[in-house]
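> entry.cif is reproduced below (mmCIF, C-alpha atoms).
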data_input
#
loop_
_atom_site.label_atom_id
_atom_site.label_comp_id
_atom_site.auth_asym_id
_atom_site.auth_seq_id
_atom_site.Cartn_x
_atom_site.Cartn_y
_atom_site.Cartn_z
CA MET A 1 4.29 2.87 -40.51
CA PRO A 2 3.51 3.87 -36.92
CA LEU A 3 6.49 4.59 -34.72
CA MET A 4 7.02 1.72 -32.30
CA THR A 5 8.65 2.35 -28.91
CA ASN A 6 9.84 -0.10 -26.29
CA VAL A 7 7.79 0.56 -23.17
CA THR A 8 7.54 -1.01 -19.73
CA VAL A 9 4.03 -1.67 -18.42
CA VAL A 10 3.51 -2.34 -14.72
CA ASP A 11 0.00 -3.79 -14.55
CA GLU A 12 -1.36 -4.65 -11.08
CA GLY A 13 2.18 -5.46 -10.02
CA THR A 14 3.38 -7.52 -13.00
CA VAL A 15 6.04 -5.96 -15.21
CA ALA A 16 6.04 -6.42 -19.01
CA ARG A 17 8.31 -4.98 -21.68
CA VAL A 18 6.55 -4.54 -24.99
CA ALA A 19 6.86 -2.74 -28.32
CA ALA A 20 3.98 -0.27 -28.53
CA GLU A 21 2.71 2.68 -30.49
CA LEU A 22 2.16 5.77 -28.36
CA CYS A 23 -0.84 7.77 -29.43
CA GLY A 24 -1.71 10.53 -26.96
CA GLU A 25 -2.79 8.74 -23.80
CA GLY A 26 -3.24 5.53 -25.78
CA LEU A 27 -0.83 2.61 -25.84
CA TRP A 28 -1.39 0.35 -28.85
CA ILE A 29 0.15 -3.11 -28.95
CA SER A 30 0.04 -5.50 -31.93
CA ALA A 31 -1.83 -8.79 -31.48
CA PRO A 32 1.22 -11.12 -31.27
CA GLU A 33 3.12 -8.70 -29.00
CA LEU A 34 0.02 -8.34 -26.81
CA VAL A 35 -0.25 -12.06 -26.10
CA ARG A 36 3.50 -12.46 -25.61
CA GLY A 37 3.98 -9.44 -23.36
CA THR A 38 0.75 -9.04 -21.41
CA GLY A 39 -1.26 -12.26 -21.72
CA TRP A 40 -4.25 -10.30 -23.08
CA GLU A 41 -5.82 -11.63 -26.27
CA ARG A 42 -8.65 -10.57 -28.58
CA LYS A 43 -11.41 -13.18 -28.51
CA PRO A 44 -15.07 -13.23 -29.61
CA ALA A 45 -16.13 -12.53 -25.99
CA GLY A 46 -13.92 -9.44 -25.79
CA ILE A 47 -10.35 -8.88 -24.65
CA CYS A 48 -9.39 -11.80 -22.44
CA ARG A 49 -6.63 -12.90 -20.10
CA GLY A 50 -6.99 -16.24 -18.35
CA ALA A 51 -10.50 -16.48 -16.98
CA VAL A 52 -11.13 -12.72 -17.28
CA CYS A 53 -12.88 -11.41 -20.39
CA VAL A 54 -13.58 -7.72 -20.80
CA PRO A 55 -16.40 -7.17 -23.31
CA ILE A 56 -15.78 -4.29 -25.68
CA PRO A 57 -18.45 -1.62 -25.13
CA PRO A 58 -20.82 -1.41 -28.09
CA LEU A 59 -20.08 1.42 -30.55
CA ARG A 60 -16.74 2.14 -28.84
CA GLU A 61 -14.70 -0.55 -30.57
CA SER A 62 -12.30 1.94 -32.19
CA GLU A 63 -11.13 3.11 -28.74
CA PHE A 64 -9.95 -0.39 -27.86
CA VAL A 65 -9.13 -2.39 -31.01
CA ARG A 66 -8.02 -1.74 -34.58
CA PRO A 67 -8.87 -3.78 -37.67
CA ASP A 68 -5.28 -5.14 -37.69
CA GLY A 69 -5.93 -6.70 -34.26
CA SER A 70 -3.84 -4.31 -32.17
CA VAL A 71 -5.25 -3.31 -28.76
CA ASN A 72 -5.07 -0.07 -26.77
CA VAL A 73 -4.06 -1.49 -23.38
CA ALA A 74 -4.23 1.91 -21.66
CA ALA A 75 -7.88 2.32 -22.70
CA LEU A 76 -8.56 -1.26 -21.58
CA ALA A 77 -7.02 -0.54 -18.16
CA ARG A 78 -9.03 2.68 -17.74
CA HIS A 79 -12.17 0.81 -18.73
CA ARG A 80 -11.42 -1.74 -15.95
CA GLY A 81 -11.23 1.10 -13.44
CA GLN A 82 -7.44 1.13 -13.20
CA ALA A 83 -5.57 4.40 -12.72
CA VAL A 84 -3.20 4.87 -15.70
CA VAL A 85 -0.06 6.98 -15.26
CA HIS A 86 3.32 7.19 -16.99
CA ASP A 87 6.62 9.04 -16.74
CA ASP A 88 7.35 12.19 -18.76
CA THR A 89 8.86 10.24 -21.66
CA ALA A 90 5.95 7.73 -21.62
CA THR A 91 8.37 4.79 -21.60
CA VAL A 92 7.19 3.46 -18.23
CA TRP A 93 3.45 3.03 -17.64
CA VAL A 94 1.72 1.93 -14.46
CA PHE A 95 -1.81 0.54 -14.38
CA GLY A 96 -3.10 0.55 -10.80
CA ASN A 97 -5.46 -1.83 -9.04
CA SER A 98 -8.69 -2.55 -10.87
CA ASP A 99 -12.13 -1.79 -9.45
CA GLU A 100 -12.54 -5.48 -8.58
CA VAL A 101 -9.45 -5.42 -6.33
CA ARG A 102 -10.26 -2.09 -4.70
CA GLY A 103 -13.96 -2.73 -4.33
CA ALA A 104 -13.62 -6.23 -2.87
CA MET A 105 -12.92 -4.96 0.62
CA LEU A 106 -15.71 -2.42 0.86
CA GLY A 107 -18.81 -4.57 0.52
CA SER A 108 -17.97 -7.31 2.98
CA ALA A 109 -15.10 -5.92 5.10
CA ALA A 110 -13.13 -8.98 3.90
CA ALA A 111 -9.42 -8.39 4.38
CA PRO A 112 -7.76 -8.24 0.94
CA ASP A 113 -5.10 -10.92 0.51
CA PHE A 114 -1.51 -10.10 -0.38
CA THR A 115 1.79 -11.93 -0.77
CA LEU A 116 5.11 -10.40 0.25
CA PRO A 117 8.66 -11.62 0.92
CA ASP A 118 10.36 -11.75 4.30
CA VAL A 119 13.97 -10.61 4.69
CA ARG A 120 15.26 -13.91 3.25
CA GLY A 121 12.96 -13.65 0.22
CA HIS A 122 10.51 -16.34 1.33
CA LEU A 123 6.95 -15.45 0.32
CA HIS A 124 4.08 -15.26 2.82
CA SER A 125 0.38 -14.61 2.20
CA LEU A 126 -2.16 -13.19 4.61
CA SER A 127 -4.49 -16.09 3.71
CA GLU A 128 -2.05 -18.54 5.36
CA ALA A 129 -3.13 -17.07 8.71
CA ARG A 130 -6.82 -17.95 8.17
CA GLY A 131 -8.19 -19.49 11.37
CA LYS A 132 -6.15 -17.16 13.55
CA LYS A 133 -6.70 -13.62 14.71
CA VAL A 134 -4.23 -11.36 12.92
CA LEU A 135 -2.72 -8.09 14.08
CA LEU A 136 -1.43 -6.57 10.82
CA ALA A 137 1.11 -3.91 11.70
CA ALA A 138 2.78 -1.40 9.36
CA TRP A 139 6.14 0.06 10.32
CA ALA A 140 9.10 1.54 8.47
CA SER A 141 12.82 1.92 9.00
CA TRP A 142 12.81 5.57 7.95
CA MET B 143 10.87 1.29 16.90
CA ASP B 144 7.80 -0.90 17.34
CA LEU B 145 9.02 -4.21 15.97
CA PRO B 146 10.22 -5.67 19.32
CA VAL B 147 6.87 -4.73 20.91
CA TRP B 148 4.92 -6.60 18.21
CA GLN B 149 7.24 -9.60 18.47
CA ALA B 150 6.76 -9.76 22.27
CA LEU B 151 2.98 -9.52 21.80
CA HIS B 152 3.12 -12.32 19.22
CA GLU B 153 5.00 -14.59 21.62
CA GLU B 154 2.55 -13.84 24.39
CA LEU B 155 -0.68 -14.35 22.41
CA ALA B 156 0.27 -16.99 19.81
CA PRO B 157 -0.98 -19.83 22.07
CA GLN B 158 -4.47 -18.25 21.88
CA GLY B 159 -4.72 -18.66 18.08
CA PHE B 160 -3.29 -15.23 17.37
CA THR B 161 -0.52 -14.05 15.09
CA VAL B 162 1.20 -10.81 14.37
CA ILE B 163 2.16 -10.01 10.77
CA THR B 164 4.41 -7.00 10.38
CA VAL B 165 4.84 -5.16 7.08
CA ALA B 166 7.80 -2.84 6.57
CA LEU B 167 6.79 -0.05 4.17
CA ASP B 168 10.34 0.26 2.91
CA SER B 169 11.19 0.93 -0.72
CA GLY B 170 14.84 0.43 0.20
CA GLY B 171 13.93 -3.23 0.82
CA ALA B 172 15.99 -5.55 3.00
CA ALA B 173 18.94 -3.14 2.94
CA ASP B 174 16.88 -0.63 4.94
CA ALA B 175 14.48 -2.82 6.94
CA GLY B 176 16.81 -5.80 7.42
CA PRO B 177 18.92 -4.53 10.33
CA TRP B 178 15.77 -3.73 12.38
CA ILE B 179 14.30 -7.14 11.59
CA ALA B 180 17.56 -8.90 12.52
CA GLU B 181 17.55 -7.14 15.87
CA ALA B 182 13.90 -8.01 16.65
CA LYS B 183 14.44 -11.72 15.80
CA PRO B 184 10.83 -12.16 14.68
CA THR B 185 9.13 -15.55 14.88
CA HIS B 186 6.04 -13.98 13.26
CA PRO B 187 5.88 -13.25 9.50
CA SER B 188 7.91 -10.05 9.17
CA LEU B 189 7.44 -8.88 5.59
CA ILE B 190 8.90 -6.16 3.39
CA ASP B 191 6.71 -4.15 1.02
CA ILE B 192 8.94 -2.10 -1.28
CA HIS B 193 5.99 -0.76 -3.30
CA HIS B 194 3.76 0.02 -0.25
CA MET B 195 1.18 -2.25 -1.88
CA VAL B 196 -0.46 -3.28 1.41
CA ALA B 197 -0.75 0.39 2.42
CA GLU B 198 -2.85 0.98 -0.69
CA LEU B 199 -5.04 -2.07 -0.03
CA TYR B 200 -5.69 -1.12 3.60
CA GLY B 201 -5.80 2.67 3.25
CA TRP B 202 -2.77 3.23 5.49
CA VAL B 203 -1.20 6.69 5.21
CA ASN B 204 1.17 6.63 8.14
CA VAL B 205 3.30 4.39 10.31
CA PRO B 206 2.42 2.78 12.54
CA SER B 207 -0.92 1.66 11.12
CA LEU B 208 -2.72 -1.35 12.56
CA THR B 209 -5.50 -3.53 11.21
CA TRP B 210 -7.25 -6.34 13.08
CA ILE B 211 -8.46 -9.35 11.08
CA ASP B 212 -10.51 -12.17 12.63
CA GLU B 213 -10.31 -15.95 12.08
CA GLU B 214 -12.62 -15.77 9.04
CA GLY B 215 -10.49 -13.11 7.34
CA THR B 216 -12.87 -10.25 8.18
CA ILE B 217 -11.56 -6.86 9.24
CA VAL B 218 -12.73 -5.95 12.75
CA ARG B 219 -10.66 -2.78 13.16
CA PRO B 220 -9.52 -1.20 9.88
CA ASN B 221 -6.92 1.35 10.77
CA ASP B 222 -5.53 2.60 14.09
CA PRO B 223 -2.28 4.35 14.99
CA GLY B 224 -1.83 1.98 17.96
CA PHE B 225 0.18 3.62 20.69
CA ALA B 226 1.59 6.31 18.46
CA GLY B 227 0.37 9.74 19.48
CA GLU B 228 0.89 13.45 19.26
CA TYR B 229 3.39 13.30 22.12
CA PHE B 230 6.42 13.52 19.80
CA ARG B 231 5.45 16.91 18.38
CA GLY B 232 7.52 19.77 19.64
CA MET B 233 10.41 17.42 20.32
CA MET B 234 12.77 19.69 18.39
CA GLU B 235 11.67 22.81 20.29
CA PRO B 236 13.69 24.11 23.25
CA GLY B 237 12.32 23.17 26.66
CA PHE B 238 10.44 20.07 25.41
CA ASP B 239 9.31 17.83 28.28
CA PHE B 240 10.80 14.41 27.43
CA ALA B 241 9.56 12.87 30.68
CA ALA B 242 5.97 13.83 29.80
CA MET B 243 6.45 12.32 26.34
CA ARG B 244 7.68 9.03 27.81
CA ALA B 245 4.77 8.93 30.27
CA GLU B 246 2.20 9.50 27.51
CA TYR B 247 3.88 6.88 25.30
CA GLN B 248 3.72 4.37 28.15
CA ARG B 249 0.07 5.17 28.88
CA LEU B 250 -1.03 4.75 25.23
CA LYS B 251 1.07 1.61 24.84
CA GLU B 252 -0.46 -0.10 27.89
CA ARG B 253 -3.95 0.86 26.76
CA TYR B 254 -3.44 -0.41 23.21
CA LEU B 255 -1.80 -3.69 24.21
CA ALA B 256 -4.59 -4.29 26.76
CA ALA B 257 -7.14 -3.83 23.96
CA VAL B 258 -5.34 -6.37 21.73
CA ARG B 259 -5.21 -8.84 24.64
CA ASP B 260 -8.92 -8.34 25.28
CA TRP B 261 -9.74 -9.04 21.63
CA ALA B 262 -7.42 -12.08 21.53
CA ALA B 263 -9.25 -13.51 24.55
CA ARG B 264 -12.84 -12.51 23.80
CA GLY B 265 -13.06 -12.11 20.03
CA ARG B 266 -16.28 -10.46 18.83
CA ALA B 267 -17.39 -9.94 22.45
CA SER B 268 -14.50 -7.53 22.97
CA ARG B 269 -15.65 -3.92 23.08
CA TRP B 270 -12.74 -3.14 20.75
CA ALA B 271 -13.95 -5.44 17.95
CA LEU B 272 -16.09 -3.18 15.77
CA PRO B 273 -19.41 -4.28 14.22
CA PRO B 274 -19.32 -4.73 10.42
CA ALA B 275 -21.28 -1.52 9.73
CA GLU B 276 -18.74 0.52 11.70
CA VAL B 277 -15.83 -1.24 9.93
CA ARG B 278 -17.35 -0.33 6.56
CA ARG B 279 -17.93 3.24 7.68
CA ARG B 280 -14.25 3.59 8.60
CA LEU B 281 -12.91 1.99 5.42
CA ALA B 282 -11.88 4.58 2.87
CA ARG B 283 -14.20 5.04 -0.09
CA PRO B 284 -12.62 4.51 -3.52
CA ASN B 285 -11.16 7.81 -4.57
CA PRO B 286 -9.79 8.40 -8.11
CA ASP B 287 -7.09 10.78 -6.85
CA HIS B 288 -5.90 8.23 -4.29
CA ALA B 289 -5.84 5.51 -6.96
CA ARG B 290 -3.74 7.77 -9.21
CA ALA B 291 -1.50 8.66 -6.27
CA ALA B 292 -0.84 4.96 -5.61
CA ALA B 293 -0.10 4.38 -9.32
CA TYR B 294 2.35 7.32 -9.34
CA PHE B 295 4.00 5.97 -6.19
CA ARG B 296 4.37 2.57 -7.88
CA LEU B 297 5.86 4.37 -10.91
CA GLY B 298 8.29 6.12 -8.56
CA THR B 299 9.46 2.91 -6.89
CA TYR B 300 9.94 1.27 -10.32
CA LEU B 301 11.97 4.21 -11.61
CA HIS B 302 13.95 4.34 -8.37
CA VAL B 303 14.89 0.66 -8.65
CA GLN B 304 16.11 1.35 -12.21
CA GLY B 305 18.33 4.07 -10.79
CA TRP B 306 16.46 6.88 -12.57
CA ARG B 307 16.44 9.38 -9.74
CA ALA B 308 14.98 12.54 -11.27
CA PRO B 309 12.04 10.77 -12.98
CA ALA B 310 11.43 8.83 -9.74
CA GLU B 311 11.32 12.04 -7.72
CA ALA B 312 8.90 13.57 -10.25
CA ALA B 313 6.59 10.56 -9.87
CA PHE B 314 6.76 10.71 -6.06
CA ALA B 315 5.92 14.43 -6.22
CA GLN B 316 2.77 13.59 -8.22
CA ALA B 317 1.80 10.91 -5.66
CA THR B 318 2.23 13.34 -2.78
CA ALA B 319 0.31 16.11 -4.55
CA LEU B 320 -2.62 13.76 -5.24
CA ARG B 321 -2.67 12.40 -1.67
CA PRO B 322 -1.13 15.02 0.61
CA GLN B 323 -2.50 13.15 3.69
CA SER B 324 -0.08 10.29 3.03
CA TRP B 325 2.91 10.70 5.28
CA THR B 326 4.23 7.36 4.06
CA PHE B 327 4.45 8.62 0.45
CA ARG B 328 6.05 11.85 1.53
CA ARG B 329 8.54 10.47 4.03
CA GLN B 330 9.52 7.48 1.87
CA ALA B 331 10.21 9.82 -1.07
CA TRP B 332 12.33 12.06 1.15
CA GLN B 333 14.23 9.05 2.41
CA LEU B 334 15.00 7.78 -1.10
CA GLU B 335 16.12 11.26 -2.07
CA GLU B 336 18.56 11.47 0.82
CA ALA B 337 19.10 9.19 3.85
CA GLY B 338 17.77 10.87 6.99
CA LYS B 339 15.62 13.41 5.14
CA SER B 340 12.41 11.62 6.27
CA GLY B 341 13.09 12.94 9.77
CA GLY B 342 14.84 16.13 8.76
CA PRO B 343 13.85 19.81 8.81
CA GLU B 344 11.29 19.32 5.99
CA PHE B 345 9.50 16.72 8.09
CA TRP B 346 9.41 18.84 11.22
CA ALA B 347 8.23 21.88 9.25
CA ALA B 348 5.41 19.78 7.75
CA VAL B 349 4.39 18.52 11.20
CA LYS B 350 4.37 22.06 12.56
CA ALA B 351 2.22 23.17 9.62
CA LEU B 352 -0.50 20.76 10.82
CA GLY B 353 -1.27 23.27 13.57
CA ASP B 354 -4.18 21.89 15.59
CA HIS B 355 -4.74 18.94 13.23
CA PRO B 356 -3.55 15.57 14.51
CA TYR B 357 -0.61 13.76 12.96
CA TYR B 358 -2.28 10.46 13.91
CA PRO B 359 -6.06 10.92 13.55
CA ARG B 360 -8.09 8.63 15.86
CA GLN B 361 -11.72 7.66 15.50
CA ASP B 362 -12.36 6.57 19.08
CA ASP B 363 -10.49 6.16 22.34
CA LEU B 364 -8.16 3.48 21.00
#
Mind turning this structure into structure tokens?


Amino acid sequence: MPLMTNVTVVDEGTVARVAAELCGEGLWISAPELVRGTGWERKPAGICRGAVCVPIPPLRESEFVRPDGSVNVAALARHRGQAVVHDDTATVWVFGNSDEVRGAMLGSAAAPDFTLPDVRGHLHSLSEARGKKVLLAAWASW
Amino acid sequence: MDLPVWQALHEELAPQGFTVITVALDSGGAADAGPWIAEAKPTHPSLIDIHHMVAELYGWVNVPSLTWIDEEGTIVRPNDPGFAGEYFRGMMEPGFDFAAMRAEYQRLKERYLAAVRDWAARGRASRWALPPAEVRRRLARPNPDHARAAAYFRLGTYLHVQGWRAPAEAAFAQATALRPQSWTFRRQAWQLEEAGKSGGPEFWAAVKALGDHPYYPRQDDL
């Protein structure tokens, strides 16, 4: 039996806690745990979440999926162009922004949207200011 | 602190179809940024970004950083330091000329605010609104090290929120090593380590080590 560990995965900002098998720089999650924890699911078209389906590269299936249906989510993230890092004990993993998110801005100079809270916790998105000129200003208390 | 300046500019230009959005790059969240926000009484969206997510999206590596976005959601100036300048350097040295610093601050501030007013009034016809090709030239290219640095910084803020200090500091150190140009990574990590350290001797030594290199690189006369 593989040794299962409880890990936290921060994937493009969403945080999931899942039971996973650590295998070098791989992070294998069983099929039911995968759907429950991350929303990813093995389908005929590839590995899918919502409207996004990532086809498995031909001849490289063993890097991403096992016959028992478990999926290497770290390999999937790297394949999507996400930076994959973890702490020394490999119990917290972060998958960075995918190529789609990072590349979106460069072709068209379209300002990437974001949603953040104000001091009272109310959420605001850049897209709500469409139709106005926006001066976006970064500052810090420190 | 710039927040009252941006709020005043927002009040002045809002009738022209203009808004300011401020983003506090503050991993300490409302506890750290809140008092400044309360004092500025913003009527513009004044947001708090504990993971410095917007900095990654817009390629910001310092504060202040300013991005102009037009009515269609297109960037027309990607990244300027505004009226921040090199005038603060040497502030800790004996004999520093504070009057000269204040004069230079005032000069840069008037010039920058005049440029924003010009753009608010004239849009694309403003000489300060950059053509799309120039915007794309100034936008940072995707860089694997920078992407890893941002992921390590996100790891650091997660670990910090959990109260795991040593692992958080290790993650911040990785982020800083992968993107040494990011003063926001470096100073935020110092600040989480110890209140006040972001402006302490380590900071001033790092500024001095820049030598002739600017702390706030500029790409034109704005």

> Using the chain letters and numbers from the file, give me the residues hit by the PyMOL selection byres ((chain A and resi 54) around 10), as a list in words.

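Going through the file, the PyMOL selection byres ((chain A and resi 54) around 10) ends up selecting Trp40, Arg42, Lys43, Ala45, Gly46, Ile47, Cys48, Arg49, Val52, Cys53, Pro55, Ile56, Pro57, Leu76, His79 and Arg80 of chain A.
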
> Using 10 Å as the limit and counting only C-alpha atoms, can you tabulate each residue of region 45-118 of chain A that touches region 294-317 of chain B, with its shortest atom-to-atom distance in Å and the two atoms involved, as a Markdown table?


| residue | atom | partner | partner_atom | distance |
| --- | --- | --- | --- | --- |
| A:Ala83 | CA | B:Tyr294 | CA | 9.1 |
| A:Val84 | CA | B:Tyr294 | CA | 8.8 |
| A:Val85 | CA | B:Tyr294 | CA | 6.4 |
| A:His86 | CA | B:Leu297 | CA | 7.2 |
| A:Asp87 | CA | B:Pro309 | CA | 6.8 |
| A:Asp88 | CA | B:Pro309 | CA | 7.6 |
| A:Thr89 | CA | B:Pro309 | CA | 9.3 |
| A:Val92 | CA | B:Leu297 | CA | 7.5 |
| A:Trp93 | CA | B:Leu297 | CA | 7.3 |
| A:Val94 | CA | B:Leu297 | CA | 6.0 |
| A:Phe95 | CA | B:Arg296 | CA | 9.2 |
| A:Gly96 | CA | B:Arg296 | CA | 8.3 |

> I need the output of the PyMOL selection byres ((chain B) within 6 of (chain A)) for this file as JSON, numbers by chain; which residues are they?

{"B": [159, 160, 161, 162, 163, 164, 165, 166, 167, 168, 172, 175, 188, 189, 190, 205, 206, 207, 208, 209, 210, 211, 212, 213, 215, 216, 217, 289, 290, 293, 297]}

> Identify which of the residues B:Ala263, B:Met234, B:Leu281, B:Leu272 lies closest to Gly201 (chain B), counting only C-alpha atoms when measuring atom-to-atom distances.

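Of B:Ala263, B:Met234, B:Leu281, B:Leu272, the one nearest Gly201 (chain B) is B:Leu281, counting only C-alpha atoms.
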
> Could you tell me how far CA of Gly237 (chain B) lies from CA of Val147 (chain B), in Å and to one decimal?

29.0 Å

> Could you check the closest approach to Arg279 (chain B) for each of B:Glu344, B:Gln361, B:Arg264, B:Ala242 and tell me which residue wins, using all atoms listed in the file?

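Nearest to Arg279 (chain B): B:Gln361.
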
> Could you name the residues that touch Asp363 (chain B) at 12 Å or less, counting only C-alpha atoms, but leaving out those on the same chain fewer than 3 positions away, as number ranges by chain?

B: 222-225, 227, 250, 253-254, 257, 269-270, 359-360

> Between A:Asn72, A:Gly24, A:Glu128, A:Leu3, which one has atoms that come closest to Ala90 (chain A), using only C-alpha atoms?

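Going through A:Asn72, A:Gly24, A:Glu128, A:Leu3 one by one, the smallest distance to Ala90 (chain A) is for A:Gly24.
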
> As a check of understanding, name the residues that the PyMOL selection byres ((chain B and resi 318-331) around 6) selects in the supplied structure, as a list in words.

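Applying the PyMOL selection byres ((chain B and resi 318-331) around 6) to the structure shown produces Val203, Asn204, Asp287, His288, Ala291, Ala315, Gln316, Ala317, Trp332, Gln333, Leu334 and Ser340 of chain B.
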
> Here is a test: counting all atoms listed in the file, which residue of B:Arg219, B:Lys350, B:His152, B:Arg244 is nearest to Gly232 (chain B)?

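Closest candidate: B:Lys350.
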
> Go ahead and compute the interatomic distance for CA of Ala256 (chain B) and CA of Glu214 (chain B), in Å to one decimal.

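Separation of CA of Ala256 (chain B) and CA of Glu214 (chain B): 22.6 Å.
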
> How far is it from CA of Lys339 (chain B) to CA of Ala173 (chain B), in Å with one decimal?

17.0 Å

> Could you check which of A:Glu100, A:Glu33, A:Asp68, A:Glu41 is closest to Ala16 (chain A), using all atoms listed in the file?

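Of all the options, A:Glu33 lies closest to Ala16 (chain A).
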
> When you count all atoms listed in the file, which of these residues is closest to Gly171 (chain B): B:His186, B:Asp191, B:Ala156, B:Tyr200?

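Answer, going by the shortest atom-to-atom distance: B:Asp191.
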
> Could you complete region 144-164 of chain B so that it carries N, CA and C atoms, and give it back as a CSV table (one decimal), keeping the file's coordinate frame?


chain,number,residue,atom,x,y,z
B,144,ASP,N,8.9,-0.1,16.8
B,144,ASP,CA,7.8,-0.9,17.3
B,144,ASP,C,8.0,-2.4,17.2
B,145,LEU,N,8.9,-2.8,16.3
B,145,LEU,CA,9.0,-4.2,16.0
B,145,LEU,C,9.2,-5.1,17.2
B,146,PRO,N,10.1,-4.8,18.1
B,146,PRO,CA,10.2,-5.7,19.3
B,146,PRO,C,8.9,-5.8,20.1
B,147,VAL,N,8.1,-4.7,20.2
B,147,VAL,CA,6.9,-4.7,20.9
B,147,VAL,C,5.9,-5.7,20.2
B,148,TRP,N,5.8,-5.7,18.9
B,148,TRP,CA,4.9,-6.6,18.2
B,148,TRP,C,5.4,-8.0,18.4
B,149,GLN,N,6.7,-8.2,18.3
B,149,GLN,CA,7.2,-9.6,18.5
B,149,GLN,C,6.9,-10.2,19.9
B,150,ALA,N,7.1,-9.3,20.9
B,150,ALA,CA,6.8,-9.8,22.3
B,150,ALA,C,5.3,-10.1,22.4
B,151,LEU,N,4.4,-9.3,21.8
B,151,LEU,CA,3.0,-9.5,21.8
B,151,LEU,C,2.6,-10.8,21.1
B,152,HIS,N,3.3,-11.1,20.0
B,152,HIS,CA,3.1,-12.3,19.2
B,152,HIS,C,3.5,-13.5,20.1
B,153,GLU,N,4.6,-13.5,20.8
B,153,GLU,CA,5.0,-14.6,21.6
B,153,GLU,C,4.0,-14.8,22.7
B,154,GLU,N,3.5,-13.7,23.3
B,154,GLU,CA,2.6,-13.8,24.4
B,154,GLU,C,1.2,-14.4,24.0
B,155,LEU,N,0.7,-14.0,22.8
B,155,LEU,CA,-0.7,-14.4,22.4
B,155,LEU,C,-0.8,-15.5,21.4
B,156,ALA,N,0.3,-15.9,20.8
B,156,ALA,CA,0.3,-17.0,19.8
B,156,ALA,C,-0.5,-18.2,20.3
B,157,PRO,N,-0.3,-18.6,21.6
B,157,PRO,CA,-1.0,-19.8,22.1
B,157,PRO,C,-2.5,-19.7,22.0
B,158,GLN,N,-3.0,-18.5,21.9
B,158,GLN,CA,-4.5,-18.2,21.9
B,158,GLN,C,-5.0,-18.2,20.4
B,159,GLY,N,-4.2,-18.7,19.5
B,159,GLY,CA,-4.7,-18.7,18.1
B,159,GLY,C,-4.6,-17.3,17.5
B,160,PHE,N,-3.5,-16.6,17.8
B,160,PHE,CA,-3.3,-15.2,17.4
B,160,PHE,C,-1.9,-15.1,16.7
B,161,THR,N,-1.8,-14.3,15.7
B,161,THR,CA,-0.5,-14.0,15.1
B,161,THR,C,-0.4,-12.6,14.7
B,162,VAL,N,0.8,-12.1,14.9
B,162,VAL,CA,1.2,-10.8,14.4
B,162,VAL,C,1.8,-11.0,13.0
B,163,ILE,N,1.4,-10.1,12.0
B,163,ILE,CA,2.2,-10.0,10.8
B,163,ILE,C,2.6,-8.6,10.6
B,164,THR,N,3.9,-8.4,10.5
B,164,THR,CA,4.4,-7.0,10.4
B,164,THR,C,4.8,-6.8,8.9
